[in-house]
file my_file-v5.pdb (PDB, C-alpha atoms)
ATOM      1  CA  MET A   2     -71.554  34.654 -38.000
ATOM      2  CA  SER A   3     -69.822  31.591 -36.659
ATOM      3  CA  ALA A   4     -67.574  31.778 -33.614
ATOM      4  CA  ALA A   5     -63.838  31.878 -34.244
ATOM      5  CA  LYS A   6     -62.198  28.509 -33.763
ATOM      6  CA  THR A   7     -59.642  28.645 -30.953
ATOM      7  CA  SER A   8     -56.659  26.349 -30.923
ATOM      8  CA  ASN A   9     -53.910  25.618 -28.422
ATOM      9  CA  TRP A  10     -50.393  26.426 -29.569
ATOM     10  CA  ALA A  11     -49.156  23.223 -27.956
ATOM     11  CA  ASP A  12     -51.454  21.168 -30.214
ATOM     12  CA  GLU A  13     -49.886  22.733 -33.281
ATOM     13  CA  GLU A  14     -46.376  21.765 -32.138
ATOM     14  CA  ASN A  15     -45.079  18.805 -34.067
ATOM     15  CA  VAL A  16     -44.179  16.422 -31.279
ATOM     16  CA  LEU A  17     -42.044  13.493 -32.400
ATOM     17  CA  GLU A  18     -42.956  10.401 -30.422
ATOM     18  CA  LEU A  19     -40.378   7.599 -30.100
ATOM     19  CA  PRO A  20     -41.426   3.961 -30.427
ATOM     20  CA  GLU A  21     -41.255   1.708 -27.391
ATOM     21  CA  PRO A  22     -38.061  -0.384 -26.975
ATOM     22  CA  THR A  23     -38.333  -4.025 -27.989
ATOM     23  CA  GLU A  24     -36.409  -7.138 -26.999
ATOM     24  CA  THR A  25     -36.177 -10.416 -28.918
ATOM     25  CA  THR A  26     -34.199 -13.536 -28.010
ATOM     26  CA  ASP A  27     -33.035 -16.061 -30.617
ATOM     27  CA  ALA A  28     -32.305 -19.762 -30.248
ATOM     28  CA  ASP A  29     -28.665 -19.130 -29.296
ATOM     29  CA  GLY A  30     -29.697 -17.088 -26.250
ATOM     30  CA  ILE A  31     -28.628 -13.739 -27.756
ATOM     31  CA  THR A  32     -31.037 -10.908 -26.945
ATOM     32  CA  THR A  33     -31.480  -8.092 -29.452
ATOM     33  CA  ILE A  34     -32.557  -4.812 -27.835
ATOM     34  CA  VAL A  35     -33.928  -2.124 -30.179
ATOM     35  CA  SER A  36     -34.393   1.387 -28.775
ATOM     36  CA  TRP A  37     -34.859   4.868 -30.235
ATOM     37  CA  LYS A  38     -33.419   8.253 -29.335
ATOM     38  CA  LEU A  39     -33.070  11.789 -30.695
ATOM     39  CA  ASP A  40     -29.728  13.159 -31.807
ATOM     40  CA  GLU A  41     -28.520  16.747 -31.531
ATOM     41  CA  HIS A  42     -30.561  17.685 -34.649
ATOM     42  CA  ASP A  43     -33.799  16.178 -33.246
ATOM     43  CA  ARG A  44     -33.611  13.311 -35.700
ATOM     44  CA  LYS A  45     -34.857   9.895 -34.708
ATOM     45  CA  VAL A  46     -32.016   7.395 -34.375
ATOM     46  CA  LYS A  47     -32.383   3.636 -34.013
ATOM     47  CA  VAL A  48     -30.045   1.924 -31.513
ATOM     48  CA  VAL A  49     -29.590  -1.855 -31.730
ATOM     49  CA  ARG A  50     -27.729  -3.806 -29.037
ATOM     50  CA  ARG A  51     -27.028  -7.539 -28.986
ATOM     51  CA  VAL A  52     -26.271  -9.055 -25.580
ATOM     52  CA  ARG A  53     -25.963 -12.519 -24.117
ATOM     53  CA  ARG A  54     -27.408 -12.847 -20.630
ATOM     54  CA  MET A  55     -25.859 -15.278 -18.195
ATOM     55  CA  LEU A  56     -27.206 -16.405 -14.834
ATOM     56  CA  LYS A  57     -24.769 -15.592 -12.053
ATOM     57  CA  THR A  58     -25.313 -16.840  -8.503
ATOM     58  CA  SER A  59     -23.920 -14.859  -5.577
ATOM     59  CA  LEU A  60     -24.144 -15.130  -1.799
ATOM     60  CA  VAL A  61     -25.877 -12.177  -0.122
ATOM     61  CA  SER A  62     -27.016 -11.398   3.403
ATOM     62  CA  HIS A  63     -30.437 -12.407   4.701
ATOM     63  CA  SER A  64     -31.728  -8.834   4.599
ATOM     64  CA  VAL A  65     -30.809  -8.477   0.903
ATOM     65  CA  ALA A  66     -32.436 -11.823   0.086
ATOM     66  CA  GLU A  67     -35.629 -10.746   1.852
ATOM     67  CA  ARG A  68     -35.750  -7.480  -0.098
ATOM     68  CA  LYS A  69     -35.473  -9.370  -3.382
ATOM     69  CA  ALA A  70     -38.642 -11.308  -2.456
ATOM     70  CA  TRP A  71     -40.729  -8.174  -1.832
ATOM     71  CA  PRO A  72     -43.604  -7.645  -4.304
ATOM     72  CA  LYS A  73     -43.143  -4.841  -6.818
ATOM     73  CA  PHE A  74     -45.301  -1.728  -6.805
ATOM     74  CA  GLY A  75     -46.070   1.219  -9.064
ATOM     75  CA  ASP A  76     -45.425   0.703 -12.786
ATOM     76  CA  ASP A  77     -43.733  -2.646 -12.040
ATOM     77  CA  LYS A  78     -46.648  -4.084 -10.074
ATOM     78  CA  ASN A  79     -47.424  -7.761 -10.826
ATOM     79  CA  LYS A  80     -44.214  -8.097 -12.854
ATOM     80  CA  PRO A  81     -41.747 -10.957 -12.336
ATOM     81  CA  ARG A  82     -38.652 -10.646 -10.174
ATOM     82  CA  GLY A  83     -35.582  -8.875 -11.401
ATOM     83  CA  PRO A  84     -35.011  -5.433 -12.921
ATOM     84  CA  ASP A  85     -37.107  -4.307 -15.873
ATOM     85  CA  ARG A  86     -35.251  -2.250 -18.473
ATOM     86  CA  GLN A  87     -38.397  -0.237 -19.118
ATOM     87  CA  THR A  88     -38.261   1.295 -15.630
ATOM     88  CA  THR A  89     -34.812   0.441 -14.208
ATOM     89  CA  ILE A  90     -31.312   1.513 -15.170
ATOM     90  CA  ILE A  91     -28.659  -0.983 -14.089
ATOM     91  CA  GLY A  92     -25.350   0.578 -13.076
ATOM     92  CA  GLU A  93     -21.982  -1.117 -13.147
ATOM     93  CA  ASN A  94     -19.897  -1.957 -10.086
ATOM     94  CA  LEU A  95     -17.010   0.394  -9.418
ATOM     95  CA  HIS A  96     -13.942  -0.952  -7.607
ATOM     96  CA  PHE A  97     -11.790   1.589  -5.775
ATOM     97  CA  LYS A  98      -8.149   0.944  -4.951
ATOM     98  CA  VAL A  99      -7.061   2.854  -1.852
ATOM     99  CA  SER A 100      -3.336   3.505  -1.761
ATOM    100  CA  ALA A 101      -1.394   3.360   1.490
ATOM    101  CA  ALA A 102       0.311   6.712   0.985
ATOM    102  CA  SER A 103      -1.866   9.769   0.942
ATOM    103  CA  ALA A 104      -1.447  12.262  -1.873
ATOM    104  CA  ARG A 105      -1.830  15.078   0.626
ATOM    105  CA  ALA A 106       1.031  13.740   2.761
ATOM    106  CA  ALA A 107       3.239  13.381  -0.321
ATOM    107  CA  ALA A 108       2.459  16.948  -1.348
ATOM    108  CA  ALA A 109       3.157  18.246   2.160
ATOM    109  CA  GLU A 110       6.693  16.777   2.220
ATOM    110  CA  PRO A 111       9.087  19.354   0.753
ATOM    111  CA  GLU A 112      11.652  18.379  -1.835
ATOM    112  CA  PRO A 113      15.321  18.702  -0.825
ATOM    113  CA  GLU A 114      16.059  21.283  -3.560
ATOM    114  CA  LYS A 115      13.075  23.447  -2.626
ATOM    115  CA  ALA A 116      13.836  23.108   1.087
ATOM    116  CA  ALA A 117      17.421  24.204   0.534
ATOM    117  CA  ALA A 118      16.262  27.185  -1.525
ATOM    118  CA  ALA A 119      13.810  28.165   1.218
ATOM    119  CA  GLN A 120      16.566  28.406   3.854
ATOM    120  CA  PRO A 121      17.293  31.936   5.114
ATOM    121  CA  ALA A 122      20.344  33.677   3.770
ATOM    122  CA  GLY A 123      23.507  32.775   5.654
ATOM    123  CA  LYS A 124      22.102  29.508   7.095
ATOM    124  CA  ALA A 125      22.965  26.201   5.469
ATOM    125  CA  LEU A 126      21.122  22.880   5.744
ATOM    126  CA  THR A 127      23.430  20.575   7.732
ATOM    127  CA  CYS A 128      22.939  16.991   8.904
ATOM    128  CA  ARG A 129      23.657  16.483  12.612
ATOM    129  CA  LEU A 130      25.212  13.054  11.980
ATOM    130  CA  CYS A 131      27.495  13.340   8.961
ATOM    131  CA  LYS A 132      27.430  17.150   8.526
ATOM    132  CA  GLY A 133      26.129  16.731   4.980
ATOM    133  CA  ASN A 134      23.805  19.050   3.053
ATOM    134  CA  HIS A 135      20.555  17.171   3.799
ATOM    135  CA  TYR A 136      18.050  16.525   6.579
ATOM    136  CA  THR A 137      19.154  14.368   9.498
ATOM    137  CA  ALA A 138      16.140  12.030   9.072
ATOM    138  CA  LYS A 139      17.217  11.323   5.461
ATOM    139  CA  CYS A 140      20.898  10.778   6.173
ATOM    140  CA  PRO A 141      22.206   7.881   3.993
ATOM    141  CA  TYR A 142      24.811   6.991   6.648
ATOM    142  CA  LYS A 143      22.376   6.885   9.556
ATOM    143  CA  ASP A 144      22.548   3.099  10.077
ATOM    144  CA  GLU A 145      26.346   2.935   9.830
ATOM    145  CA  LEU A 146      26.828   5.786  12.300
ATOM    146  CA  ALA A 147      24.351   4.231  14.723
ATOM    147  CA  ALA A 148      26.338   0.954  14.658
ATOM    148  CA  LEU A 149      29.547   2.839  15.413
ATOM    149  CA  ASP A 150      27.915   4.636  18.322
ATOM    150  CA  SER A 151      26.696   1.308  19.751
ATOM    151  CA  ALA A 152      30.214  -0.146  19.527
ATOM    152  CA  ALA A 153      31.654   2.906  21.253
ATOM    153  CA  VAL A 154      29.171   2.593  24.111
ATOM    154  CA  GLY A 155      29.923  -1.118  24.536
ATOM    155  CA  GLU A 156      33.691  -0.478  24.967
ATOM    156  CA  PRO A 157      34.155   2.589  27.210
ATOM    157  CA  GLU A 158      37.551   4.137  27.448
ATOM    158  CA  ASP A 159      39.471   4.048  30.717
ATOM    159  CA  GLU A 160      39.449   7.353  32.521
ATOM    160  CA  ASP A 161      41.943   8.732  34.963
ATOM    161  CA  PRO A 162      40.395   8.802  38.455
ATOM    162  CA  SER A 163      42.295  11.967  39.226
ATOM    163  CA  ALA A 164      41.119  13.676  36.052
ATOM    164  CA  GLY A 165      38.183  15.214  37.794
ATOM    165  CA  GLY A 166      34.703  14.713  39.065
ATOM    166  CA  LEU A 167      33.678  13.613  42.512
ATOM    167  CA  ALA A 168      32.266  10.145  42.892
ATOM    168  CA  PRO A 169      28.589   9.988  43.840
ATOM    169  CA  LYS A 170      27.820   9.365  47.449
ATOM    170  CA  GLY A 171      27.918   5.622  48.103
ATOM    171  CA  ALA A 172      29.527   4.819  44.755
ATOM    172  CA  GLY A 173      32.088   2.650  46.508
ATOM    173  CA  GLY A 174      35.153   3.625  44.489
ATOM    174  CA  GLY A 175      33.675   3.942  41.021
ATOM    175  CA  ILE A 176      36.161   4.640  38.234
ATOM    176  CA  GLY A 177      36.111   8.199  36.962
ATOM    177  CA  GLY A 178      33.121   9.174  39.055
ATOM    178  CA  ARG A 179      30.786   6.727  37.285
ATOM    179  CA  TYR A 180      27.795   5.390  39.138
ATOM    180  CA  VAL A 181      28.151   1.771  40.258
ATOM    181  CA  PRO A 182      24.981  -0.171  41.101
ATOM    182  CA  PRO A 183      24.798  -1.462  44.689
ATOM    183  CA  GLY A 184      24.927  -5.083  43.531
ATOM    184  CA  GLN A 185      28.282  -4.474  41.762
ATOM    185  CA  ARG A 186      30.019  -2.489  44.488
ATOM    186  CA  ALA A 187      32.881  -3.950  46.510
ATOM    187  CA  GLY A 188      31.417  -5.994  49.345
ATOM    188  CA  GLY A 189      27.883  -5.264  48.265
ATOM    189  CA  GLY A 190      25.255  -7.904  47.807
ATOM    190  CA  ALA A 191      22.527  -8.214  45.217
ATOM    191  CA  GLY A 192      19.973  -5.440  45.289
ATOM    192  CA  GLU A 193      16.374  -6.031  46.161
ATOM    193  CA  SER A 194      13.843  -6.461  43.393
ATOM    194  CA  MET A 195      11.217  -3.825  42.745
ATOM    195  CA  PHE A 196       8.576  -6.539  43.054
ATOM    196  CA  ASN A 197       8.291  -8.988  45.906
ATOM    197  CA  ARG A 198       7.882 -11.968  43.578
ATOM    198  CA  ASN A 199       9.389 -12.568  40.135
ATOM    199  CA  ARG A 200       8.279 -14.966  37.428
ATOM    200  CA  ASP A 201      10.271 -17.883  38.859
ATOM    201  CA  ASP A 202       8.482 -17.520  42.224
ATOM    202  CA  LEU A 203       5.008 -17.538  40.617
ATOM    203  CA  PRO A 204       3.401 -20.652  39.094
ATOM    204  CA  THR A 205       4.098 -19.901  35.424
ATOM    205  CA  LEU A 206       2.955 -21.734  32.299
ATOM    206  CA  ARG A 207       4.814 -21.721  29.000
ATOM    207  CA  VAL A 208       2.446 -21.524  26.013
ATOM    208  CA  THR A 209       3.851 -22.515  22.608
ATOM    209  CA  SER A 210       2.304 -22.861  19.131
ATOM    210  CA  LEU A 211       0.795 -19.440  19.705
ATOM    211  CA  SER A 212      -0.518 -17.387  16.821
ATOM    212  CA  THR A 213       1.777 -14.581  15.691
ATOM    213  CA  ASP A 214      -1.210 -12.214  15.789
ATOM    214  CA  ALA A 215      -1.871 -12.824  19.495
ATOM    215  CA  GLU A 216      -1.246  -9.925  21.883
ATOM    216  CA  ASP A 217      -0.619  -9.819  25.630
ATOM    217  CA  ASP A 218      -4.256  -8.946  26.300
ATOM    218  CA  ASP A 219      -5.428 -11.900  24.174
ATOM    219  CA  LEU A 220      -3.230 -14.273  26.160
ATOM    220  CA  ARG A 221      -4.461 -12.831  29.464
ATOM    221  CA  GLU A 222      -8.104 -13.050  28.408
ATOM    222  CA  LEU A 223      -7.607 -16.654  27.259
ATOM    223  CA  PHE A 224      -6.333 -17.801  30.693
ATOM    224  CA  ALA A 225      -8.202 -15.389  32.972
ATOM    225  CA  ARG A 226     -11.215 -17.723  33.245
ATOM    226  CA  PHE A 227      -9.159 -20.199  35.319
ATOM    227  CA  GLY A 228      -8.108 -17.724  38.020
ATOM    228  CA  ARG A 229      -6.297 -14.483  38.732
ATOM    229  CA  VAL A 230      -3.472 -13.910  36.231
ATOM    230  CA  ALA A 231      -0.476 -12.018  37.614
ATOM    231  CA  ARG A 232       1.100 -11.372  34.226
ATOM    232  CA  ALA A 233       0.801 -12.577  30.622
ATOM    233  CA  ASN A 234       3.546 -11.842  28.121
ATOM    234  CA  VAL A 235       4.032 -12.749  24.455
ATOM    235  CA  VAL A 236       7.743 -13.109  23.615
ATOM    236  CA  ARG A 237       8.758 -10.840  20.716
ATOM    237  CA  ASP A 238      11.848 -10.196  18.664
ATOM    238  CA  ARG A 239      13.828  -7.224  19.980
ATOM    239  CA  GLU A 240      14.420  -5.685  16.551
ATOM    240  CA  THR A 241      11.313  -6.496  14.500
ATOM    241  CA  ARG A 242       8.888  -6.656  17.478
ATOM    242  CA  GLU A 243       7.217  -9.666  15.843
ATOM    243  CA  SER A 244       5.895 -12.506  17.980
ATOM    244  CA  LYS A 245       8.073 -15.597  18.284
ATOM    245  CA  GLY A 246       5.056 -17.850  18.675
ATOM    246  CA  PHE A 247       5.188 -18.490  22.417
ATOM    247  CA  GLY A 248       4.531 -16.707  25.700
ATOM    248  CA  PHE A 249       4.295 -17.043  29.481
ATOM    249  CA  VAL A 250       1.310 -16.815  31.827
ATOM    250  CA  SER A 251       1.835 -16.450  35.608
ATOM    251  CA  PHE A 252      -0.967 -17.169  38.092
ATOM    252  CA  GLU A 253      -1.350 -16.071  41.684
ATOM    253  CA  SER A 254      -2.428 -19.570  42.717
ATOM    254  CA  ARG A 255      -0.813 -22.865  41.737
ATOM    255  CA  ALA A 256      -4.193 -24.592  41.771
ATOM    256  CA  ASP A 257      -5.441 -22.189  39.100
ATOM    257  CA  ALA A 258      -2.310 -22.801  37.053
ATOM    258  CA  GLU A 259      -2.765 -26.601  37.231
ATOM    259  CA  LYS A 260      -6.397 -26.227  36.166
ATOM    260  CA  ALA A 261      -5.350 -24.062  33.199
ATOM    261  CA  LEU A 262      -2.628 -26.575  32.275
ATOM    262  CA  GLN A 263      -5.122 -29.460  32.119
ATOM    263  CA  LYS A 264      -7.730 -27.535  30.133
ATOM    264  CA  MET A 265      -5.572 -25.516  27.732
ATOM    265  CA  ASN A 266      -2.965 -28.095  26.736
ATOM    266  CA  GLY A 267      -4.110 -29.218  23.275
ATOM    267  CA  PHE A 268      -6.732 -26.461  23.055
ATOM    268  CA  GLY A 269      -7.432 -25.065  19.586
ATOM    269  CA  TYR A 270      -6.897 -21.314  19.284
ATOM    270  CA  ASP A 271      -6.756 -19.306  16.035
ATOM    271  CA  SER A 272      -6.398 -22.448  13.857
ATOM    272  CA  LEU A 273      -3.495 -23.722  15.998
ATOM    273  CA  ILE A 274      -3.205 -26.352  18.762
ATOM    274  CA  LEU A 275      -1.719 -24.831  21.912
ATOM    275  CA  ASN A 276       1.039 -26.647  23.806
ATOM    276  CA  VAL A 277       0.995 -25.680  27.489
ATOM    277  CA  SER A 278       3.617 -26.830  30.003
ATOM    278  CA  TRP A 279       5.272 -25.671  33.202
ATOM    279  CA  SER A 280       7.888 -22.979  32.726
ATOM    280  CA  GLN A 281      11.368 -23.981  33.864
ATOM    281  CA  PRO A 282      13.362 -21.584  36.058
ATOM    282  CA  ARG A 283      15.989 -19.562  34.265
ATOM    283  CA  GLY A 284      18.863 -21.434  35.838
ATOM    284  CA  GLU A 285      17.572 -24.881  34.740
ATOM    285  CA  ARG A 286      16.993 -24.057  31.066
ATOM    286  CA  THR A 287      19.271 -25.616  28.490
TER
END

call {"tool": "encode", "arguments": {"input": "my_file-v5.pdb", "output": "structure tokens"}}
result
Amino acid sequence: MSAAKTSNWADEENVLELPEPTETTDADGITTIVSWKLDEHDRKVKVVRRVRRMLKTSLVSHSVAERKAWPKFGDDKNKPRGPDRQTTIIGENLHFKVSAASARAAAAEPEPEKAAAAQPAGKALTCRLCKGNHYTAKCPYKDELAALDSAAVGEPEDEDPSAGGLAPKGAGGGIGGRYVPPGQRAGGGAGESMFNRNRDDLPTLRVTSLSTDAEDDDLRELFARFGRVARANVVRDRETRESKGFGFVSFESRADAEKALQKMNGFGYDSLILNVSWSQPRGERT
């Protein structure tokens, strides 16, 4: 009696093997890629793609260029440079656009209608400037009201000295009890400065053709190698706070200032040629 023939159930399974992908290139440089896959019904499907490959040169860092020259290993050993479609899947570059406003910040800001509905009963939403039904920060008349307030401050009304209020000690006859600085009092001289020396007393250089991106620290660092800098200021617009393109540098020593004047006049800084000269006192400027 012969022994029963044993068989593995995996050997009896009808395994459908897919052919290897092939690539052919014609005379026009068009590559035809033929690959196979299984659909949802386990049927063999042929996929044909026609592509035209172009050589694109790009500048990369030294570390990336060195990695590209490394020899391949594993299944790609002894193969030429570049990715092999048999073992490598090439992804596409994704470009993200980051918006300045955050979606979370926009969601956190309440809408005027919802904010008004959320107010407790008996309390109304009132603007402190125009008494309107909106937030003070979003008042449409904020700029106009601010201009009126500035005009009112610039032209104070005359007050009756006997109306009330004692004058501060040493006010020297101030109108309506207002404080009068010592330099403006009757018979008073100019007050003393908080500092012993102002900019006119120090050897000061005027630096023009300055980059609009330069800060006070940049100007100080640029001239600090010639000696001790007392102060370095970039002149800015009072409203926009943007640089006007010039500044002043004051030294403790005149010898250091003369050295900086000789070296920095005509010096190139941030794609501009600096113009350095002595700063004129305030009374002599035209």

call {"tool": "residues_around", "arguments": {"input": "my_file-v5.pdb", "residues": "segment 249-253 of chain A", "least_positions_apart": "4", "cutoff": "8 Å", "atoms": "all atoms listed in the file", "output": "list of chain:residue names"}}
result
A:Arg200, A:Leu203, A:Pro204, A:Thr205, A:Leu206, A:Arg207, A:Val208, A:Leu220, A:Arg221, A:Phe224, A:Gly228, A:Arg229, A:Val230, A:Ala231, A:Arg232, A:Ala233, A:Asn234, A:Val235, A:Val236, A:Asp257, A:Ala258, A:Ser280

call {"tool": "resolve_selection", "arguments": {"input": "my_file-v5.pdb", "expression": "the PyMOL selection byres ((chain A and resi 247) around 10)", "output": "PyMOL selection string"}}
result
chain A and resi 207-213+215+234-237+244-246+248-249+275-277

call {"tool": "atom_distance", "arguments": {"input": "my_file-v5.pdb", "atom1": "atom CA of Ile31 of chain A", "atom2": "atom CA of Arg53 of chain A"}}
result
4.7 Å

call {"tool": "atom_distance", "arguments": {"input": "my_file-v5.pdb", "atom1": "atom CA of Ser59 of chain A", "atom2": "atom CA of Gly83 of chain A"}}
result
14.3 Å

call {"tool": "resolve_selection", "arguments": {"input": "my_file-v5.pdb", "expression": "the PyMOL selection byres ((chain A and resi 24) around 9)", "output": "VMD selection string"}}
result
chain A and resid 22 to 23 25 to 26 32 to 36

call {"tool": "decode", "arguments": {"input": "my_file-v5.pdb", "residues": "segment 28-37 of chain A", "atoms": "all heavy atoms", "output": "compact mmCIF listing (two decimals), in the first residue's frame"}}
result
# COMPACT_ATOMS: atom_id res chain seq x y z
N ALA A 28 12.72 57.21 -30.92
CA ALA A 28 13.68 58.18 -31.46
C ALA A 28 13.36 59.60 -31.05
O ALA A 28 14.24 60.47 -31.03
CB ALA A 28 13.74 58.07 -32.99
N ASP A 29 12.11 59.90 -30.74
CA ASP A 29 11.71 61.24 -30.34
C ASP A 29 11.97 61.52 -28.87
O ASP A 29 11.66 62.62 -28.39
CB ASP A 29 10.22 61.46 -30.63
CG ASP A 29 9.93 61.38 -32.12
OD1 ASP A 29 10.85 61.66 -32.91
OD2 ASP A 29 8.79 61.02 -32.48
N GLY A 30 12.51 60.55 -28.14
CA GLY A 30 12.79 60.74 -26.72
C GLY A 30 11.60 60.48 -25.82
O GLY A 30 11.66 60.81 -24.63
N ILE A 31 10.52 59.90 -26.33
CA ILE A 31 9.34 59.58 -25.53
C ILE A 31 9.49 58.17 -24.99
O ILE A 31 9.71 57.22 -25.75
CB ILE A 31 8.06 59.72 -26.35
CG1 ILE A 31 7.91 61.16 -26.86
CG2 ILE A 31 6.84 59.30 -25.53
CD1 ILE A 31 6.70 61.38 -27.74
N THR A 32 9.37 58.04 -23.67
CA THR A 32 9.52 56.74 -23.01
C THR A 32 8.15 56.15 -22.74
O THR A 32 7.26 56.83 -22.19
CB THR A 32 10.28 56.90 -21.68
OG1 THR A 32 11.56 57.48 -21.95
CG2 THR A 32 10.48 55.55 -21.01
N THR A 33 7.96 54.91 -23.15
CA THR A 33 6.72 54.18 -22.92
C THR A 33 6.93 53.21 -21.77
O THR A 33 7.79 52.32 -21.85
CB THR A 33 6.26 53.44 -24.17
OG1 THR A 33 6.13 54.37 -25.26
CG2 THR A 33 4.93 52.74 -23.94
N ILE A 34 6.17 53.38 -20.69
CA ILE A 34 6.30 52.55 -19.50
C ILE A 34 5.06 51.65 -19.43
O ILE A 34 3.92 52.14 -19.39
CB ILE A 34 6.41 53.41 -18.22
CG1 ILE A 34 7.58 54.39 -18.35
CG2 ILE A 34 6.56 52.53 -17.00
CD1 ILE A 34 7.67 55.38 -17.21
N VAL A 35 5.28 50.35 -19.44
CA VAL A 35 4.20 49.36 -19.38
C VAL A 35 4.30 48.65 -18.04
O VAL A 35 5.33 48.07 -17.71
CB VAL A 35 4.29 48.36 -20.54
CG1 VAL A 35 3.15 47.34 -20.46
CG2 VAL A 35 4.25 49.08 -21.88
N SER A 36 3.22 48.71 -17.26
CA SER A 36 3.17 48.04 -15.96
C SER A 36 1.83 47.31 -15.83
O SER A 36 0.90 47.53 -16.62
CB SER A 36 3.33 49.06 -14.82
OG SER A 36 2.31 50.04 -14.88
N TRP A 37 1.75 46.43 -14.84
CA TRP A 37 0.56 45.60 -14.65
C TRP A 37 0.11 45.74 -13.20
O TRP A 37 0.90 45.94 -12.29
CB TRP A 37 0.87 44.12 -14.96
CG TRP A 37 1.32 43.91 -16.38
CD1 TRP A 37 2.57 44.06 -16.87
CD2 TRP A 37 0.49 43.53 -17.49
NE1 TRP A 37 2.62 43.79 -18.21
CE2 TRP A 37 1.33 43.45 -18.62
CE3 TRP A 37 -0.86 43.23 -17.63
CZ2 TRP A 37 0.87 43.09 -19.88
CZ3 TRP A 37 -1.33 42.87 -18.88
CH2 TRP A 37 -0.48 42.81 -20.00
